[in-house]
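Text of coords.pdb (PDB, C-alpha atoms) as supplied:
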```pdb
ATOM      1  CA  MET H   1     114.657 114.754 108.756
ATOM      2  CA  GLN H   2     117.703 116.770 109.783
ATOM      3  CA  GLU H   3     116.169 118.451 112.835
ATOM      4  CA  SER H   4     114.095 115.663 114.409
ATOM      5  CA  VAL H   5     114.321 112.247 112.752
ATOM      6  CA  LEU H   6     118.052 111.683 112.323
ATOM      7  CA  PRO H   7     119.134 113.054 115.729
ATOM      8  CA  ALA H   8     116.654 110.703 117.444
ATOM      9  CA  ALA H   9     117.902 107.762 115.401
ATOM     10  CA  ARG H  10     121.527 108.642 116.082
ATOM     11  CA  LYS H  11     120.898 108.851 119.826
ATOM     12  CA  THR H  12     119.150 105.473 119.944
ATOM     13  CA  TRP H  13     121.697 103.635 117.827
ATOM     14  CA  HIS H  14     124.516 105.189 119.828
ATOM     15  CA  GLU H  15     122.954 104.123 123.124
ATOM     16  CA  GLN H  16     122.730 100.583 121.774
ATOM     17  CA  GLU H  17     126.361 100.802 120.611
ATOM     18  CA  SER H  18     125.285 100.182 117.021
ATOM     19  CA  ASP H  19     127.147 103.103 115.440
ATOM     20  CA  ARG H  20     130.207 100.867 115.169
ATOM     21  CA  LEU H  21     128.219  98.658 112.769
ATOM     22  CA  CYS H  22     128.152 101.378 110.114
ATOM     23  CA  THR H  23     131.138  99.895 108.326
ATOM     24  CA  ALA H  24     129.861 100.427 104.801
ATOM     25  CA  GLY H  25     129.358 104.161 105.136
ATOM     26  CA  PHE H  26     126.964 106.608 106.787
ATOM     27  CA  GLU H  27     124.071 107.605 104.555
ATOM     28  CA  ALA H  28     121.060 108.906 106.482
ATOM     29  CA  ALA H  29     119.148 109.062 103.208
ATOM     30  CA  ALA H  30     115.381 109.125 102.611
ATOM     31  CA  ILE H  31     114.448 106.204 100.359
ATOM     32  CA  ASP H  32     110.693 106.545  99.789
ATOM     33  CA  ILE H  33     107.559 108.280 101.096
ATOM     34  CA  VAL H  34     103.850 107.383 101.139
ATOM     35  CA  ARG H  35     100.607 108.945 102.426
ATOM     36  CA  GLY H  36      98.036 107.240 104.643
ATOM     37  CA  SER H  37      96.383 107.088 108.060
ATOM     38  CA  PHE H  38      99.094 105.163 109.867
ATOM     39  CA  THR H  39      98.631 105.975 113.569
ATOM     40  CA  ARG H  40      95.207 107.646 113.614
ATOM     41  CA  PRO H  41      92.084 106.826 111.547
ATOM     42  CA  GLU H  42      91.111 109.397 108.890
ATOM     43  CA  SER H  43      94.341 111.341 109.335
ATOM     44  CA  ASP H  44      96.539 112.681 106.559
ATOM     45  CA  GLN H  45     100.025 111.442 107.386
ATOM     46  CA  LYS H  46     103.248 110.693 105.545
ATOM     47  CA  ALA H  47     105.503 107.716 106.250
ATOM     48  CA  ILE H  48     109.142 108.152 105.261
ATOM     49  CA  LEU H  49     111.394 105.129 104.826
ATOM     50  CA  TYR H  50     115.034 106.023 105.347
ATOM     51  CA  ARG H  51     118.374 104.264 105.638
ATOM     52  CA  TYR H  52     120.471 105.373 108.580
ATOM     53  CA  CYS H  53     123.543 103.497 107.375
ATOM     54  CA  GLU H  54     124.730 100.313 105.700
ATOM     55  CA  THR H  55     126.262  97.665 107.923
ATOM     56  CA  GLY H  56     127.344  95.157 105.257
ATOM     57  CA  HIS H  57     126.184  93.418 102.083
ATOM     58  CA  ASN H  58     122.384  93.750 102.000
ATOM     59  CA  MET H  59     122.339  94.809 105.663
ATOM     60  CA  ALA H  60     121.412  98.207 107.076
ATOM     61  CA  LEU H  61     120.046 100.187 109.991
ATOM     62  CA  ASN H  62     116.709 101.562 108.790
ATOM     63  CA  GLY H  63     113.898 103.746 110.030
ATOM     64  CA  ILE H  64     110.316 104.759 109.302
ATOM     65  CA  ALA H  65     109.160 108.202 110.415
ATOM     66  CA  VAL H  66     105.441 109.061 110.389
ATOM     67  CA  ILE H  67     104.811 112.781 109.925
ATOM     68  CA  GLU H  68     101.598 114.738 110.532
ATOM     69  CA  ASN H  69     101.340 118.538 110.371
ATOM     70  CA  ALA H  70     105.136 118.782 110.112
ATOM     71  CA  GLN H  71     105.560 116.855 113.378
ATOM     72  CA  VAL H  72     106.956 113.353 113.977
ATOM     73  CA  VAL H  73     104.080 111.328 115.473
ATOM     74  CA  ALA H  74     105.761 107.914 115.279
ATOM     75  CA  HIS H  75     109.319 106.785 114.671
ATOM     76  CA  VAL H  76     110.340 103.152 114.144
ATOM     77  CA  LEU H  77     113.917 101.871 114.022
ATOM     78  CA  TYR H  78     115.027  98.424 112.885
ATOM     79  CA  GLU H  79     118.018  96.494 111.653
ATOM     80  CA  GLY H  80     117.186  94.912 108.307
ATOM     81  CA  GLY H  81     118.207  94.778 104.662
ATOM     82  CA  TRP H  82     118.625  97.287 101.856
ATOM     83  CA  ASP H  83     114.930  98.166 101.921
ATOM     84  CA  ASN H  84     114.003 100.112  98.808
ATOM     85  CA  ALA H  85     110.313 101.107  98.901
ATOM     86  CA  ILE H  86     107.387 101.739 101.207
ATOM     87  CA  GLY H  87     103.659 101.513 100.522
ATOM     88  CA  ALA H  88     100.308 101.911 102.284
ATOM     89  CA  LEU H  89      97.585  99.253 102.404
ATOM     90  CA  PRO H  90      93.920 100.285 102.704
ATOM     91  CA  ASP H  91      93.307  98.922 106.237
ATOM     92  CA  ILE H  92      93.335  95.147 105.780
ATOM     93  CA  ASN H  93      92.253  94.358 109.373
ATOM     94  CA  GLY H  94      89.409  96.880 109.651
ATOM     95  CA  ASN H  95      90.706  99.059 112.507
ATOM     96  CA  GLY H  96      90.921 102.301 110.517
ATOM     97  CA  LEU H  97      94.712 102.376 110.149
ATOM     98  CA  SER H  98      96.756 102.053 106.970
ATOM     99  CA  GLU H  99      99.192  99.171 107.173
ATOM    100  CA  ILE H 100     102.736  99.753 105.920
ATOM    101  CA  VAL H 101     104.341  97.582 103.260
ATOM    102  CA  VAL H 102     108.147  97.575 103.223
ATOM    103  CA  ALA H 103     109.840  96.197 100.103
ATOM    104  CA  THR H 104     113.344  94.804 100.145
ATOM    105  CA  GLY H 105     115.587  92.705  97.934
ATOM    106  CA  GLY H 106     119.105  91.651  97.166
ATOM    107  CA  THR H 107     121.410  89.413  95.156
ATOM    108  CA  ASN H 108     123.312  86.447  96.541
ATOM    109  CA  MET H 109     125.225  83.765  94.634
ATOM    110  CA  GLY H 110     123.745  84.909  91.316
ATOM    111  CA  GLU H 111     120.131  84.871  92.493
ATOM    112  CA  THR H 112     118.141  88.079  92.850
ATOM    113  CA  TRP H 113     115.157  88.134  95.190
ATOM    114  CA  GLU H 114     112.512  90.593  96.303
ATOM    115  CA  ALA H 115     110.159  90.411  99.277
ATOM    116  CA  ILE H 116     107.701  92.483 101.298
ATOM    117  CA  SER H 117     106.910  92.831 104.992
ATOM    118  CA  ILE H 118     103.607  94.179 106.339
ATOM    119  CA  ILE H 119     103.480  96.083 109.628
ATOM    120  CA  GLU H 120     101.128  98.417 111.478
ATOM    121  CA  VAL H 121     102.219 101.239 113.793
ATOM    122  CA  SER H 122     100.181 102.300 116.812
ATOM    123  CA  GLY H 123     100.812 104.032 120.104
ATOM    124  CA  SER H 124     101.537 100.698 121.778
ATOM    125  CA  GLY H 125     104.126  99.463 119.298
ATOM    126  CA  VAL H 126     104.522  97.742 115.947
ATOM    127  CA  MET H 127     102.285  94.867 114.850
ATOM    128  CA  LYS H 128     103.908  92.423 112.437
ATOM    129  CA  PHE H 129     101.642  90.650 109.931
ATOM    130  CA  GLY H 130     104.500  88.722 108.305
ATOM    131  CA  GLN H 131     106.553  88.668 105.139
ATOM    132  CA  THR H 132     106.662  86.850 101.803
ATOM    133  CA  LYS H 133     108.812  86.628  98.698
ATOM    134  CA  THR H 134     107.425  88.441  95.649
ATOM    135  CA  ARG H 135     109.990  87.874  92.872
ATOM    136  CA  SER H 136     113.209  86.018  92.098
ATOM    137  CA  ASP H 137     115.506  85.172  89.205
ATOM    138  CA  ASN H 138     118.828  83.386  88.711
ATOM    139  CA  CYS H 139     120.177  85.548  85.885
ATOM    140  CA  GLY H 140     123.438  86.129  87.736
ATOM    141  CA  ALA H 141     124.161  82.396  87.616
ATOM    142  CA  ASP H 142     122.750  81.622  84.150
ATOM    143  CA  GLU H 143     122.443  84.676  81.904
ATOM    144  CA  LYS H 144     121.107  82.822  78.855
ATOM    145  CA  HIS H 145     118.861  80.147  80.328
ATOM    146  CA  GLY H 146     117.925  81.545  83.732
ATOM    147  CA  LYS H 147     114.305  81.828  84.850
ATOM    148  CA  ALA H 148     112.233  84.196  86.908
ATOM    149  CA  GLU H 149     109.252  83.850  89.197
ATOM    150  CA  ALA H 150     106.890  86.597  90.350
ATOM    151  CA  CYS H 151     103.823  86.692  92.583
ATOM    152  CA  ARG H 152     100.599  88.680  92.689
ATOM    153  CA  LEU H 153      99.134  89.034  96.165
ATOM    154  CA  SER H 154      95.572  89.837  97.179
ATOM    155  CA  VAL H 155      94.037  90.263 100.631
ATOM    156  CA  LYS H 156      90.545  89.666 101.984
ATOM    157  CA  VAL H 157      89.888  92.253 104.699
ATOM    158  CA  GLY H 158      89.064  91.020 108.200
ATOM    159  CA  SER H 159      90.257  90.996 111.788
ATOM    160  CA  THR H 160      92.542  88.212 110.598
ATOM    161  CA  PRO H 161      93.252  89.134 106.940
ATOM    162  CA  ILE H 162      93.355  86.301 104.412
ATOM    163  CA  VAL H 163      96.243  86.514 101.937
ATOM    164  CA  CYS H 164      96.175  84.792  98.539
ATOM    165  CA  ARG H 165      98.946  84.415  95.996
ATOM    166  CA  GLU H 166      99.121  83.789  92.260
ATOM    167  CA  THR H 167     102.486  82.733  90.856
ATOM    168  CA  PHE H 168     103.852  83.487  87.386
ATOM    169  CA  VAL H 169     107.006  82.077  85.790
ATOM    170  CA  ASN H 170     109.165  83.101  82.855
ATOM    171  CA  ASP H 171     111.508  80.346  81.647
ATOM    172  CA  GLY H 172     113.435  82.600  79.247
ATOM    173  CA  PHE H 173     113.522  85.748  81.353
ATOM    174  CA  CYS H 174     117.297  86.106  81.587
ATOM    175  CA  GLY H 175     117.860  85.599  77.879
ATOM    176  CA  GLY H 176     115.114  88.063  76.981
ATOM    177  CA  THR H 177     113.123  85.510  74.999
ATOM    178  CA  GLY H 178     110.576  84.225  77.494
ATOM    179  CA  LYS H 179     107.012  85.165  78.281
ATOM    180  CA  TRP H 180     105.257  85.240  81.612
ATOM    181  CA  ARG H 181     102.751  82.447  82.216
ATOM    182  CA  LYS H 182     100.547  81.650  85.162
ATOM    183  CA  SER H 183     101.732  78.735  87.261
ATOM    184  CA  GLY H 184      98.760  77.137  88.999
ATOM    185  CA  ASP H 185      95.658  78.608  90.598
ATOM    186  CA  GLN H 186      95.386  81.326  93.199
ATOM    187  CA  LYS H 187      96.042  79.868  96.651
ATOM    188  CA  GLN H 188      95.592  81.067 100.190
ATOM    189  CA  ILE H 189      98.929  81.384 101.964
ATOM    190  CA  SER H 190     100.249  82.034 105.428
ATOM    191  CA  LEU H 191     102.761  84.845 105.585
ATOM    192  CA  GLU H 192     106.162  83.842 106.902
ATOM    193  CA  GLU H 193     107.269  85.102 110.296
ATOM    194  CA  ASP H 194     108.857  88.536 110.210
ATOM    195  CA  GLU H 195     111.991  88.167 112.331
ATOM    196  CA  ILE H 196     112.865  91.866 112.234
ATOM    197  CA  GLU H 197     112.798  93.560 115.649
ATOM    198  CA  TYR H 198     111.046  96.910 115.218
ATOM    199  CA  GLU H 199     111.554  99.492 117.952
ATOM    200  CA  LEU H 200     109.041 102.304 118.365
ATOM    201  CA  ILE H 201     110.946 105.218 119.871
ATOM    202  CA  LYS H 202     108.143 107.819 119.599
TER     203      LYS H 202
END
```
Will you turn the file into structure tokens for me?
Amino acid sequence: MQESVLPAARKTWHEQESDRLCTAGFEAAAIDIVRGSFTRPESDQKAILYRYCETGHNMALNGIAVIENAQVVAHVLYEGGWDNAIGALPDINGNGLSEIVVATGGTNMGETWEAISIIEVSGSGVMKFGQTKTRSDNCGADEKHGKAEACRLSVKVGSTPIVCRETFVNDGFCGGTGKWRKSGDQKQISLEEDEIEYELIK
């Protein structure tokens, strides 16, 4: 991280005059790490999600570095939110590569939300599958009577993966008295457009 990843990120952000956006403090901290075959089928690689710096409330300059045999084989930079976790999917489009799931979330006006984005990294760039909300609650606005909603996602593998969602609600979540219950049947969904601009610098 110190010798290869952060210097490359610093150079790119500086060239784009984005260093001035780091108003909330410079972090350059690794957030999460996951194993998979991200850029080459049947490889043993690690993907590291890191935060270069915060740029405001729930805003940050982030990066994902893919490491193989102690070398950086791919490095993605993007301006997004306070992303907090990274995961690997077992090749949902059948091309031999592990897709990357990036989890984010935040709180605004008393409502807390969580969401995921799905991307794939290759030598030609970053493929965006889309994003979707996974959980929310309004406990910050109504501590005693607020509710929560959470989703379970499943994917049918194919050249165009099919995503399905089951929704669960908890009417007494914020007061600690509710129970989760299923809300409707599993439904096929279309992921929302991922508006993040990912830049592959290696």
Quick one: residues within 9 Å of (99.3, 101.0, 113.4) (file frame), counting all atoms listed in the file, please, as an mmCIF file with C-alpha atoms, in the coordinates of the input.
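Written out: part-v5.cif:
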```cif
data_model
loop_
_atom_site.group_PDB
_atom_site.id
_atom_site.type_symbol
_atom_site.label_atom_id
_atom_site.label_comp_id
_atom_site.auth_asym_id
_atom_site.auth_seq_id
_atom_site.Cartn_x
_atom_site.Cartn_y
_atom_site.Cartn_z
ATOM 1 C CA SER H 37 96.383 107.088 108.060
ATOM 2 C CA PHE H 38 99.094 105.163 109.867
ATOM 3 C CA THR H 39 98.631 105.975 113.569
ATOM 4 C CA ARG H 40 95.207 107.646 113.614
ATOM 5 C CA ASN H 95 90.706 99.059 112.507
ATOM 6 C CA GLY H 96 90.921 102.301 110.517
ATOM 7 C CA LEU H 97 94.712 102.376 110.149
ATOM 8 C CA SER H 98 96.756 102.053 106.970
ATOM 9 C CA GLU H 99 99.192 99.171 107.173
ATOM 10 C CA ILE H 100 102.736 99.753 105.920
ATOM 11 C CA ILE H 119 103.480 96.083 109.628
ATOM 12 C CA GLU H 120 101.128 98.417 111.478
ATOM 13 C CA VAL H 121 102.219 101.239 113.793
ATOM 14 C CA SER H 122 100.181 102.300 116.812
ATOM 15 C CA GLY H 123 100.812 104.032 120.104
ATOM 16 C CA SER H 124 101.537 100.698 121.778
ATOM 17 C CA GLY H 125 104.126 99.463 119.298
ATOM 18 C CA VAL H 126 104.522 97.742 115.947
ATOM 19 C CA MET H 127 102.285 94.867 114.850
#
```
With the file shown as input, list the residues that the PyMOL selection byres ((chain H and resi 72-79) around 10) selects, as an mmCIF file with C-alpha atoms, in the coordinates of the input.
```cif
data_model
loop_
_atom_site.group_PDB
_atom_site.id
_atom_site.type_symbol
_atom_site.label_atom_id
_atom_site.label_comp_id
_atom_site.auth_asym_id
_atom_site.auth_seq_id
_atom_site.Cartn_x
_atom_site.Cartn_y
_atom_site.Cartn_z
ATOM 1 C CA MET H 1 114.657 114.754 108.756
ATOM 2 C CA SER H 4 114.095 115.663 114.409
ATOM 3 C CA VAL H 5 114.321 112.247 112.752
ATOM 4 C CA ALA H 8 116.654 110.703 117.444
ATOM 5 C CA ALA H 9 117.902 107.762 115.401
ATOM 6 C CA THR H 12 119.150 105.473 119.944
ATOM 7 C CA TRP H 13 121.697 103.635 117.827
ATOM 8 C CA SER H 18 125.285 100.182 117.021
ATOM 9 C CA PHE H 38 99.094 105.163 109.867
ATOM 10 C CA THR H 39 98.631 105.975 113.569
ATOM 11 C CA ARG H 40 95.207 107.646 113.614
ATOM 12 C CA GLN H 45 100.025 111.442 107.386
ATOM 13 C CA LYS H 46 103.248 110.693 105.545
ATOM 14 C CA ALA H 47 105.503 107.716 106.250
ATOM 15 C CA ILE H 48 109.142 108.152 105.261
ATOM 16 C CA LEU H 49 111.394 105.129 104.826
ATOM 17 C CA TYR H 50 115.034 106.023 105.347
ATOM 18 C CA ARG H 51 118.374 104.264 105.638
ATOM 19 C CA TYR H 52 120.471 105.373 108.580
ATOM 20 C CA CYS H 53 123.543 103.497 107.375
ATOM 21 C CA GLU H 54 124.730 100.313 105.700
ATOM 22 C CA THR H 55 126.262 97.665 107.923
ATOM 23 C CA MET H 59 122.339 94.809 105.663
ATOM 24 C CA ALA H 60 121.412 98.207 107.076
ATOM 25 C CA LEU H 61 120.046 100.187 109.991
ATOM 26 C CA ASN H 62 116.709 101.562 108.790
ATOM 27 C CA GLY H 63 113.898 103.746 110.030
ATOM 28 C CA ILE H 64 110.316 104.759 109.302
ATOM 29 C CA ALA H 65 109.160 108.202 110.415
ATOM 30 C CA VAL H 66 105.441 109.061 110.389
ATOM 31 C CA ILE H 67 104.811 112.781 109.925
ATOM 32 C CA GLU H 68 101.598 114.738 110.532
ATOM 33 C CA ASN H 69 101.340 118.538 110.371
ATOM 34 C CA ALA H 70 105.136 118.782 110.112
ATOM 35 C CA GLN H 71 105.560 116.855 113.378
ATOM 36 C CA GLY H 80 117.186 94.912 108.307
ATOM 37 C CA GLY H 81 118.207 94.778 104.662
ATOM 38 C CA TRP H 82 118.625 97.287 101.856
ATOM 39 C CA VAL H 121 102.219 101.239 113.793
ATOM 40 C CA SER H 122 100.181 102.300 116.812
ATOM 41 C CA GLY H 123 100.812 104.032 120.104
ATOM 42 C CA GLY H 125 104.126 99.463 119.298
ATOM 43 C CA VAL H 126 104.522 97.742 115.947
ATOM 44 C CA ILE H 196 112.865 91.866 112.234
ATOM 45 C CA GLU H 197 112.798 93.560 115.649
ATOM 46 C CA TYR H 198 111.046 96.910 115.218
ATOM 47 C CA GLU H 199 111.554 99.492 117.952
ATOM 48 C CA LEU H 200 109.041 102.304 118.365
ATOM 49 C CA ILE H 201 110.946 105.218 119.871
ATOM 50 C CA LYS H 202 108.143 107.819 119.599
#
```
(Q) Let me make sure I understand: among H:Cys164, H:Leu6, H:Cys174, H:Ala29, which one has the smallest atom-to-atom distance to H:Ser190 if we use all atoms listed in the file? (A)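 Of H:Cys164, H:Leu6, H:Cys174, H:Ala29, the one nearest H:Ser190 is H:Cys164, counting all atoms listed in the file.
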**Q.** Contacts of H:Asn138 at 10 Å (only C-alpha atoms; same-chain gap of 2+ positions) as a list of chain:residue names
**A.**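 Near H:Asn138, the qualifying residues are H:Thr107, H:Asn108, H:Met109, H:Gly110, H:Glu111, H:Thr112, H:Trp113, H:Ser136, H:Gly140, H:Ala141, H:Asp142, H:Glu143, H:His145, H:Gly146, H:Lys147, H:Ala148, H:Glu149, H:Phe173, H:Cys174.
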Q: Go ahead and find all residues with at least one atom no further than 12 Å from (100.4, 89.9, 106.1) in the file's coordinates, using all atoms listed in the file; report them as a ChimeraX atom specification.
A: /H:89,91-93,99-102,115-120,127-133,153-165,188-194
Q.
Just to confirm, what's the straight-line distance from atom CA of H:Lys144 to atom CA of H:Phe168 in Å (one decimal)?
A.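 A separation of 19.3 Å between them.
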Q | Coordinates-based distance that separates atom CA of H:Asp44 from atom CA of H:Ala28 (Å, one decimal) | A | 24.8 Å
Q: Can you work out the spacing between atom CA of H:Arg35 and atom CA of H:Gly87 in Å, to one decimal?
A: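 Interatomic distance, atom CA of H:Arg35 to atom CA of H:Gly87: 8.3 Å.
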